[in-house]
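Asks: Structure in structure tokens, see below.
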Amino acid sequence: MESLRNAQAINPPVLQHTGPPFSNFDFVDNYFESKCVSLKRILSQMRVSSFQSMVIEEIKSVGISKDDDDELLSAGVQLFGKPLVRISFFKTKLNDIGQIEQENDENYLGYAILKYSPSIFGGRWIVFESITKPGRHDNNYYHCARDYSVRVCGKTFHIKGNIYCQQNTLTNVCAHVALRTCISAVHPDGDISYRAINEILEKAGKPHSLKDGLTDKQIRAVLDGLGINYYCLWYPADIKNRPPVPYQKLLYGSIESGCPALLAFSSVGGASGHIIPVIGHTFNEDTWVPNADMSYFAIGKDTRYVPSESWVSTYVCHDDNFGSHFCLPRGYLQEGAELFAVGILPKEAKYDAIRAEAIAVDFLYNIAICLPLDPSPWIKRFKDAITLDRGWIVLRPIFMAAEKYVSHLEQLTGWEGEKIDPKVIATLKTQLHGFFWVVEVSLPEIFPANRRKIGEVVLNANMELVPKRDFSTLVLARLLDQLYLLTQDEKKQTVLAKYPTGTQTHTGLFQQ
């Protein structure tokens, strides 16, 4: 399929300087009839990113846009025949079009492709697709972005991000565009057409009807049809009847492991609904939440811990009605709204991050009992956090391959400069294969401020869980100066062997 973002221009490009006195409002008013709210949002983001130039090109409707046209025609909807407009953003002031040949990816901020589309509102300009670099905030984290190539005046640029797009309200709706954003982040092709989504629904016996939204069953049918691994939970409007796992933990488990998530919600009273893709989160080391009793997450009467998600202030999402890279406050959707959350999982995972946390914390509570009576200062602090402080430990689950985990250990340095024993690293290189849930273990005093931890519990992500929670998926645990590794003795029996790690103090968190 021909790439829309790489389509050739059909008319000479227009160069527009965007420094003062250029007005974003005037630009939208003059080109797009002032009604394209999402473009205004994108331009505001580009202003924050200090853009200095825009290149405006008219392009034909090809690729996914052509599929969109064909679906509309098949539904009896008349097209307007206007060319699409591709706007490319640069943070350098270009003196002429020829200067683009000397520009690099660092100065390229992204693009937006505008389409004049039929809709239930009549003809209107929509942002058919856009990818832009995130804003200036250091505490915004995106782990599910991927690389895309885009052509500007014949020159190819590369950008890493997540596709933002708007519905036409007829053959595709908010669920289609949210699915497109999420699927594009994990699909081998890096994108999917709305026609492909509707064909999957047709094949599954759950066809999309013109103008209608998608149900949860249709959303699951699309993911199932593509073989995408996921987990989901319903949250009724009545908080008392909601699942014990907060929807935020479901979103966080996917995002931290490099996958996007979906969040559907109704208005209070259920009169209308909407769905958005969630692609990142913010981090606030000064948040009060972890210190409140509500931040404890209990999986049993006496087994509690503090999820690392407690330091998330907002979730970063796209909203096709308003634009890209919005921050949704962590506790915003609560009483009165019905919610449906979908977490995308890596294809190799047999269970989700929430279950991984539960297994890890069970193991930590069990092993705390076996720790020496006269331990090192940091082991004592860990033991006290579980026993005396009733679970004042922080857990952060991350999905990763064996090679990445061992490489992470090789790079770690203790607070006093010590490194993990090379013999331990060599042992792990020979014994660890496949994919794991690595559940980082920390304390609230060092997790947010220092971004450090006291170790991790490593679980086999490829193993199916038994109904009763046990330690069959446990691979190893590293707690400061001790590494506990499941291995076989001379009688071929599984035992938990101990190895000194050489690190007496806390080490850095895994950085995506």
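In the structure tokens, chains take letters A, B, ... by order of appearance, with residues numbered from 1 within each chain and ligands from 1 in the order shown.
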Select from segment 298-415 of chain A every residue with an atom at most 10 Å from any atom of segment 43-62 of chain A, then for each give the shortest pair of atoms and their distance in Å to one decimal, using only C-alpha atoms, rows by chain and rising number, as JSON lines.

Replies:
```
{"residue": "A:Gly323", "atom": "CA", "partner": "A:Gln45", "partner_atom": "CA", "distance": 9.8}
{"residue": "A:Ser324", "atom": "CA", "partner": "A:Gln45", "partner_atom": "CA", "distance": 8.8}
{"residue": "A:His325", "atom": "CA", "partner": "A:Gln45", "partner_atom": "CA", "distance": 8.7}
```

Asks: Please produce a file of those selected residues containing N, CA and C atoms, as a short mmCIF file (atom, residue, chain, number, x, y, z; two decimals), in the first residue's frame.

Replies:
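Output file part-v2.cif follows:
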```
data_model
loop_
_atom_site.label_atom_id
_atom_site.label_comp_id
_atom_site.auth_asym_id
_atom_site.auth_seq_id
_atom_site.Cartn_x
_atom_site.Cartn_y
_atom_site.Cartn_z
N GLY A 323 -7.16 16.76 19.95
CA GLY A 323 -5.77 16.82 19.56
C GLY A 323 -4.91 15.77 20.24
N SER A 324 -3.61 15.95 20.12
CA SER A 324 -2.66 14.94 20.59
C SER A 324 -1.95 15.36 21.86
N HIS A 325 -1.38 14.37 22.56
CA HIS A 325 -0.51 14.58 23.72
C HIS A 325 -1.18 15.39 24.83
#
```

Asks: Hey, what does DSSP flag as strand (DSSP E) within segment 47-144 of chain A? Can you give it to me as a PyMOL selection string?

Replies: chain A and resi 53-59+84-90+108-117+124-132+140-142

Asks: At a cut-off of 12 Å, using only C-alpha atoms, what residues contact Gly76 of chain A? Leave out same-chain residues fewer than 5 positions from it and give the result as a list in words.

Replies: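 Close residues of Gly76 of chain A: Asp69, Asp70, Glu71, Pro118, Leu170, Thr171 and Leu210 of chain A.
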
Asks: Name the residues in contact with Glu357 of chain A at a cut-off of 9 Å, using only C-alpha atoms, excluding same-chain residues fewer than 5 positions from it; report them as a PyMOL selection string.

Replies: chain A and resi 307+352+362+395-397+437+439

Asks: How close does each residue of segment 238-279 of chain A get to segment 337-349 of chain A, giving the shortest atom pair and distance in Å to one decimal for every residue with an atom at most 9 Å away, counting only C-alpha atoms, sorted by chain and residue number, as CSV?

Replies:
```
residue,atom,partner,partner_atom,distance
A:Asp238,CA,A:Glu338,CA,8.0
A:Tyr247,CA,A:Ala341,CA,6.3
A:Gln248,CA,A:Ala341,CA,8.8
A:Leu250,CA,A:Gly343,CA,6.0
A:Leu251,CA,A:Gly343,CA,5.8
A:Tyr252,CA,A:Gly343,CA,8.5
A:Gly253,CA,A:Gly343,CA,7.5
A:Ser254,CA,A:Gly343,CA,5.4
A:Ile255,CA,A:Gly343,CA,8.3
A:Ser257,CA,A:Pro346,CA,7.6
A:Gly258,CA,A:Pro346,CA,7.9
A:Cys259,CA,A:Ile344,CA,5.7
A:Pro260,CA,A:Ile344,CA,6.0
A:Ala261,CA,A:Gly343,CA,4.6
A:Leu262,CA,A:Val342,CA,4.9
A:Leu263,CA,A:Ala341,CA,4.6
A:Ala264,CA,A:Phe340,CA,4.9
A:Phe265,CA,A:Leu339,CA,4.4
A:Ser266,CA,A:Glu338,CA,5.3
A:Ser267,CA,A:Ala337,CA,5.7
A:Val268,CA,A:Ala337,CA,5.1
A:Gly269,CA,A:Ala337,CA,7.3
A:Gly270,CA,A:Ala337,CA,7.1
A:Gly273,CA,A:Glu338,CA,8.8
A:Ile275,CA,A:Phe340,CA,8.7
```

Asks: Please extract the residues of segment 240-440 of chain A with a backbone DSSP assignment of alpha helix (DSSP H) and present them as a ChimeraX atom specification.

Replies: /A:247-256,353-369,377-386,402-411,422-431

Asks: Can you list, as number ranges by chain, every protein, DNA or RNA residue that comes within 7 Å of Ile131 of chain A when you count only C-alpha atoms, leaving out same-chain residues fewer than 2 positions away?

Replies: A: 110-112, 133, 161-164

Asks: Excluding segment 440-451 of chain A and residues on its chain fewer than 2 positions from it, collect all residues at most 10 Å away from it, counting only C-alpha atoms, and give them as a VMD selection string.

Replies: chain A and resid 283 to 287 290 to 291 305 to 308 311 357 360 to 361 364 381 to 382 385 391 to 398 437 to 438 453 to 458 477 to 479 506 to 511

Asks: Next, the residues of the selection above should be written as a compact mmCIF listing (two decimals), in the first residue's frame with C-alpha atoms.

Replies:
```txt
# COMPACT_ATOMS: atom_id res chain seq x y z
CA PHE A 283 6.06 11.19 36.88
CA ASN A 284 5.92 13.44 39.94
CA GLU A 285 8.47 12.67 42.65
CA ASP A 286 6.72 15.11 45.02
CA THR A 287 3.24 13.63 44.85
CA PRO A 290 2.02 7.22 48.03
CA ASN A 291 1.93 8.50 51.60
CA TYR A 305 2.86 -2.83 48.80
CA VAL A 306 3.06 0.58 47.11
CA PRO A 307 2.74 0.41 43.30
CA SER A 308 5.21 2.56 41.40
CA TRP A 311 3.92 8.50 41.41
CA GLU A 357 3.36 -7.89 40.87
CA ALA A 360 6.64 -10.92 43.24
CA VAL A 361 5.25 -9.43 46.44
CA LEU A 364 9.28 -10.94 48.91
CA ARG A 381 15.70 -1.45 55.90
CA PHE A 382 14.05 -3.71 53.33
CA ALA A 385 9.68 -1.95 55.31
CA GLY A 391 4.49 -3.29 53.19
CA TRP A 392 6.22 0.06 52.65
CA ILE A 393 7.99 -1.24 49.53
CA VAL A 394 7.63 -0.10 45.93
CA LEU A 395 7.12 -2.50 43.00
CA ARG A 396 7.54 -1.61 39.33
CA PRO A 397 6.83 -4.36 36.74
CA ILE A 398 8.58 -4.22 33.35
CA TRP A 437 8.52 -9.84 33.93
CA VAL A 438 11.19 -7.96 35.86
CA LYS A 453 16.11 0.29 43.76
CA ILE A 454 17.31 -2.50 46.04
CA GLY A 455 16.77 -5.26 43.47
CA GLU A 456 14.22 -7.09 41.38
CA VAL A 457 12.16 -10.27 41.18
CA VAL A 458 12.38 -11.94 37.76
CA ALA A 477 15.48 -12.53 42.75
CA ARG A 478 18.26 -10.02 43.33
CA LEU A 479 18.17 -8.23 46.66
CA HIS A 506 20.93 0.41 46.01
CA THR A 507 21.32 0.62 42.23
CA GLY A 508 19.63 2.53 39.40
CA LEU A 509 16.20 1.74 37.99
CA PHE A 510 15.88 0.33 34.50
CA GLN A 511 15.66 3.20 32.01
```

Asks: Nearest to Leu496 of chain A among A:Asn229, A:Ser472, A:Gln512, A:Asn172, with distances taken over only C-alpha atoms: which residue is it?

Replies: A:Ser472
